[in-house]
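Structure file model-v5.tsv (TSV, C-alpha atoms) is printed below.
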chain	number	residue	atom	x	y	z
U	1	MET	CA	0.00	0.00	0.00
U	2	ARG	CA	2.78	2.46	0.81
U	3	PHE	CA	4.54	1.76	-2.47
U	4	TYR	CA	1.33	2.45	-4.38
U	5	LEU	CA	0.84	5.81	-2.64
U	6	ILE	CA	4.43	6.88	-3.25
U	7	SER	CA	4.39	5.83	-6.89
U	8	THR	CA	1.05	7.60	-7.46
U	9	PHE	CA	2.51	10.75	-5.94
U	10	LEU	CA	5.81	10.54	-7.89
U	11	LEU	CA	4.39	9.52	-11.27
U	12	PRO	CA	3.25	13.05	-12.33
U	13	ILE	CA	6.59	14.48	-11.20
U	14	LEU	CA	8.55	11.85	-13.13
U	15	LEU	CA	6.41	12.37	-16.22
U	16	CYS	CA	6.95	16.13	-16.03
U	17	MET	CA	10.71	15.64	-15.68
U	18	ALA	CA	10.80	13.31	-18.71
U	19	GLN	CA	8.86	15.82	-20.82
U	20	THR	CA	11.20	18.68	-19.91
U	21	GLU	CA	14.44	16.79	-20.46
U	22	ASN	CA	16.62	18.89	-22.77
U	23	LEU	CA	17.89	16.40	-25.35
U	24	ALA	CA	20.21	18.99	-26.95
U	25	LEU	CA	22.14	19.70	-23.73
U	26	GLY	CA	25.88	19.31	-24.33
U	27	LYS	CA	25.50	18.30	-27.99
U	28	LEU	CA	27.86	19.58	-30.69
U	29	VAL	CA	26.52	22.16	-33.15
U	30	SER	CA	27.76	22.06	-36.76
U	31	PHE	CA	27.68	25.44	-38.54
U	32	GLU	CA	27.21	25.92	-42.29
U	33	GLN	CA	28.27	29.56	-41.92
U	34	LYS	CA	30.82	29.99	-39.18
U	35	PRO	CA	29.72	32.54	-36.55
U	36	ASN	CA	31.57	35.76	-37.35
U	37	TYR	CA	30.40	38.45	-34.94
U	38	PRO	CA	33.64	39.30	-33.09
U	39	HIS	CA	32.20	40.44	-29.75
U	40	CYS	CA	30.70	37.05	-28.91
U	41	MET	CA	33.06	34.71	-30.81
U	42	ASP	CA	35.09	32.27	-28.74
U	43	ASN	CA	36.54	28.77	-28.97
U	44	GLY	CA	33.36	27.32	-27.44
U	45	ASP	CA	30.90	28.40	-30.17
U	46	ALA	CA	30.22	24.78	-31.19
U	47	TYR	CA	28.81	24.11	-27.68
U	48	ASP	CA	27.58	27.59	-26.67
U	49	LEU	CA	24.08	26.91	-28.03
U	50	THR	CA	23.67	23.71	-26.01
U	51	ASP	CA	25.51	24.46	-22.76
U	52	GLY	CA	22.39	25.23	-20.71
U	53	LYS	CA	23.42	28.87	-20.17
U	54	TYR	CA	21.45	31.83	-21.47
U	55	LEU	CA	20.79	35.50	-20.70
U	56	GLN	CA	17.94	35.78	-18.26
U	57	HIS	CA	17.19	39.52	-18.60
U	58	ASP	CA	16.11	41.92	-21.30
U	59	GLY	CA	18.20	45.00	-21.94
U	60	VAL	CA	21.42	42.95	-22.01
U	61	LYS	CA	23.21	42.91	-25.34
U	62	MET	CA	23.31	39.23	-26.26
U	63	TRP	CA	25.90	40.05	-28.92
U	64	MET	CA	28.42	41.14	-26.30
U	65	GLN	CA	28.31	37.86	-24.34
U	66	PRO	CA	30.92	35.15	-24.99
U	67	GLY	CA	28.29	32.40	-24.46
U	68	SER	CA	26.27	33.69	-27.43
U	69	VAL	CA	26.72	33.02	-31.11
U	70	GLY	CA	26.34	35.72	-33.73
U	71	TRP	CA	26.54	36.35	-37.44
U	72	ARG	CA	26.84	39.56	-39.40
U	73	SER	CA	26.38	40.30	-43.09
U	74	TYR	CA	24.66	37.01	-43.98
U	75	ALA	CA	21.26	36.82	-45.66
U	76	THR	CA	20.88	33.22	-44.44
U	77	VAL	CA	22.61	31.23	-41.72
U	78	SER	CA	22.16	27.56	-40.94
U	79	TRP	CA	23.43	24.93	-38.56
U	80	SER	CA	22.46	21.55	-37.17
U	81	ILE	CA	22.59	19.44	-34.03
U	82	ASP	CA	23.24	15.68	-34.00
U	83	LEU	CA	21.40	14.17	-31.02
U	84	GLY	CA	23.36	10.93	-31.43
U	85	GLU	CA	20.29	8.72	-31.81
U	86	MET	CA	16.63	8.84	-32.82
U	87	LEU	CA	14.68	10.60	-30.07
U	88	PRO	CA	11.09	11.78	-29.62
U	89	LEU	CA	10.91	15.60	-29.72
U	90	GLY	CA	8.03	17.44	-28.09
U	91	GLU	CA	9.08	21.09	-28.03
U	92	LEU	CA	11.80	23.35	-29.38
U	93	ARG	CA	12.92	26.42	-27.44
U	94	TYR	CA	15.22	28.94	-29.17
U	95	HIS	CA	16.66	31.86	-27.16
U	96	THR	CA	17.47	34.84	-29.35
U	97	GLY	CA	17.99	38.56	-28.92
U	98	ALA	CA	17.11	41.57	-31.09
U	99	GLY	CA	15.39	44.92	-31.11
U	100	LEU	CA	18.02	47.63	-31.54
U	101	HIS	CA	21.23	48.60	-33.39
U	102	GLY	CA	20.49	46.60	-36.57
U	103	ALA	CA	19.68	43.38	-34.70
U	104	ARG	CA	16.21	42.62	-36.09
U	105	TRP	CA	14.01	39.58	-35.65
U	106	PRO	CA	14.56	37.14	-38.53
U	107	LEU	CA	12.18	37.08	-41.48
U	108	ALA	CA	11.87	33.31	-41.02
U	109	LEU	CA	13.46	30.60	-38.91
U	110	TYR	CA	12.89	27.15	-40.38
U	111	VAL	CA	13.31	23.95	-38.39
U	112	LEU	CA	14.10	20.73	-40.27
U	113	VAL	CA	14.48	17.20	-38.89
U	114	SER	CA	16.16	14.07	-40.18
U	115	ARG	CA	16.79	10.45	-39.29
U	116	ASP	CA	19.97	10.10	-41.38
U	117	GLY	CA	21.46	13.60	-41.69
U	118	GLN	CA	20.89	13.56	-45.46
U	119	ASN	CA	17.13	13.76	-45.98
U	120	PHE	CA	15.40	16.51	-44.01
U	121	ALA	CA	11.71	17.22	-43.47
U	122	PHE	CA	10.09	20.51	-42.50
U	123	ALA	CA	9.09	20.53	-38.82
U	124	GLY	CA	7.98	24.14	-38.38
U	125	GLU	CA	8.77	27.84	-38.61
U	126	LEU	CA	9.56	29.71	-35.39
U	127	ILE	CA	8.93	33.31	-36.48
U	128	LYS	CA	5.45	32.60	-37.83
U	129	GLU	CA	4.60	30.60	-34.70
U	130	ASN	CA	5.82	33.39	-32.35
U	131	TYR	CA	5.09	36.51	-34.43
U	132	SER	CA	2.48	37.97	-32.07
U	133	ARG	CA	5.04	37.91	-29.23
U	134	LEU	CA	7.83	39.73	-31.09
U	135	PRO	CA	8.24	43.37	-30.05
U	136	GLU	CA	8.52	45.98	-32.79
U	137	TYR	CA	12.02	46.89	-33.85
U	138	ASN	CA	13.56	49.95	-32.17
U	139	THR	CA	11.31	49.77	-29.08
U	140	GLY	CA	13.87	48.11	-26.83
U	141	LEU	CA	16.37	45.31	-26.51
U	142	TYR	CA	14.72	41.92	-25.93
U	143	ASN	CA	15.98	38.41	-25.30
U	144	LEU	CA	13.14	35.98	-25.98
U	145	TRP	CA	12.44	32.27	-26.02
U	146	LEU	CA	10.81	31.36	-29.32
U	147	LYS	CA	8.86	28.11	-28.93
U	148	LEU	CA	7.61	25.49	-31.34
U	149	SER	CA	5.57	22.40	-30.51
U	150	LEU	CA	6.90	19.27	-32.19
U	151	ASN	CA	5.65	15.74	-32.46
U	152	VAL	CA	8.47	14.00	-34.31
U	153	GLU	CA	11.29	11.56	-33.87
U	154	ALA	CA	14.64	12.68	-35.19
U	155	ARG	CA	18.37	12.36	-34.75
U	156	TYR	CA	19.34	15.57	-36.55
U	157	VAL	CA	17.72	18.98	-36.15
U	158	SER	CA	18.69	21.79	-38.53
U	159	PHE	CA	17.96	25.50	-38.40
U	160	VAL	CA	17.80	27.85	-41.39
U	161	VAL	CA	17.51	31.55	-40.53
U	162	LYS	CA	16.46	34.13	-43.13
U	163	CYS	CA	18.01	37.24	-41.61
U	164	GLU	CA	16.56	40.74	-41.77
U	165	GLY	CA	19.19	43.37	-41.25
U	166	MET	CA	22.85	42.68	-40.69
U	167	PHE	CA	22.84	40.40	-37.66
U	168	HIS	CA	21.44	37.29	-36.00
U	169	PHE	CA	22.17	36.23	-32.41
U	170	VAL	CA	21.24	33.17	-30.36
U	171	ASP	CA	22.56	31.88	-27.06
U	172	GLU	CA	20.67	28.64	-26.35
U	173	ILE	CA	18.61	25.95	-28.02
U	174	GLU	CA	16.58	23.38	-26.10
U	175	LEU	CA	14.96	20.30	-27.61
U	176	LEU	CA	12.55	18.87	-25.07
U	177	ARG	CA	11.64	15.20	-25.03
U	178	GLY	CA	8.26	14.36	-26.52

Please express what this file holds, its structure, as structure tokens.
Amino acid sequence: MRFYLISTFLLPILLCMAQTENLALGKLVSFEQKPNYPHCMDNGDAYDLTDGKYLQHDGVKMWMQPGSVGWRSYATVSWSIDLGEMLPLGELRYHTGAGLHGARWPLALYVLVSRDGQNFAFAGELIKENYSRLPEYNTGLYNLWLKLSLNVEARYVSFVVKCEGMFHFVDEIELLRG
């Protein structure tokens, strides 16, 4: 009887923990276009997006933080994460910053998934999904989590960003277990 009461109590907690497990944590990121914004470039760029660290306040210039990744003068940037095995994905969280000084929200941010790293399928578009939450440009500096619900299994997750303006910055990506 005691075991049943404990397991009934712990089951919702365990289920919640499983659903919020960040499958991207500590995974290597492969860049198509090498990050080139000098104020946040460092030797750790390949792991900066999956290290579990992100800016927690608005008004902080993401592009001046060594744990962030940034690009300048690209119309499109893309990169991918290899999760190491096929995993069920339930939600994508993408922490990005923009709002002032030429750092605009992207025109589009496509998410693609693959089993083999060769053939990719469209999984969603983050800007369209979060558009109502994006502040207007030149009203302040914002660091936001863009979110996308997923219901897929994948080993590889790729991102293709259609930039508006000169820059794109991101400091963390989370792929939560589905």

Quick check, in Å to one decimal: how far apart do CA of Leu107 (chain U) and CA of Gly178 (chain U) lie?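 It comes out at 27.5 Å.
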
Top pick for closest residue to Trp105 (chain U), considering U:Leu141, U:Met64, U:Leu134, U:Ile173 and counting all atoms listed in the file: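 That would be U:Leu134, the residue with the smallest distance to Trp105 (chain U).
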
Which residue, U:Glu174, U:Glu32, U:Glu164, U:Asp42, has the smallest gap to Pro106 (chain U) when you use only C-alpha atoms?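 Ranking U:Glu174, U:Glu32, U:Glu164, U:Asp42 by distance to Pro106 (chain U), first place goes to U:Glu164.
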
Contact check, region 39-116 of chain U to region 144-153 of chain U, at most 6 Å, counting only C-alpha atoms, closest pairs as a tab-separated table:
residue	atom	partner	partner_atom	distance
U:Leu87	CA	U:Glu153	CA	5.2
U:Pro88	CA	U:Glu153	CA	4.3
U:Leu89	CA	U:Val152	CA	5.4
U:Gly90	CA	U:Leu150	CA	4.6
U:Glu91	CA	U:Ser149	CA	4.5
U:Leu92	CA	U:Leu148	CA	5.1
U:Arg93	CA	U:Lys147	CA	4.6
U:Tyr94	CA	U:Leu146	CA	5.0
U:His95	CA	U:Trp145	CA	4.4
U:Thr96	CA	U:Leu144	CA	5.6

Work out how far apart CA of Asn119 (chain U) and CA of Arg72 (chain U) are and give it in Å to one decimal.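 Interatomic distance here is 28.3 Å.
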
Tell me, as a list in words, which residues lie within 8 Å of Asp48 (chain U), counting only C-alpha atoms; anything in the same chain fewer than 6 positions away does not count.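 Surrounding residues, per the criterion: Gly67, Ser68, Val69, Asp171 and Glu172 of chain U.
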
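With all atoms listed in the file as the atoms that count, the residue of U:Thr139, U:Thr76, U:Phe159, U:His101 with the shortest distance to Leu126 (chain U) is U:Phe159.
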
I'd like to know which of U:Thr20, U:Gln118, U:Asn138, U:Ser30 is closest to Leu49 (chain U), using all atoms listed in the file.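 Checking each of U:Thr20, U:Gln118, U:Asn138, U:Ser30 against Leu49 (chain U), counting all atoms listed in the file, the winner is U:Ser30.
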
Report the distance between CA of Met62 (chain U) and CA of Asn143 (chain U) in Å, rounded to one decimal place.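 Value for the CA of Met62 (chain U)-CA of Asn143 (chain U) distance: 7.4 Å.
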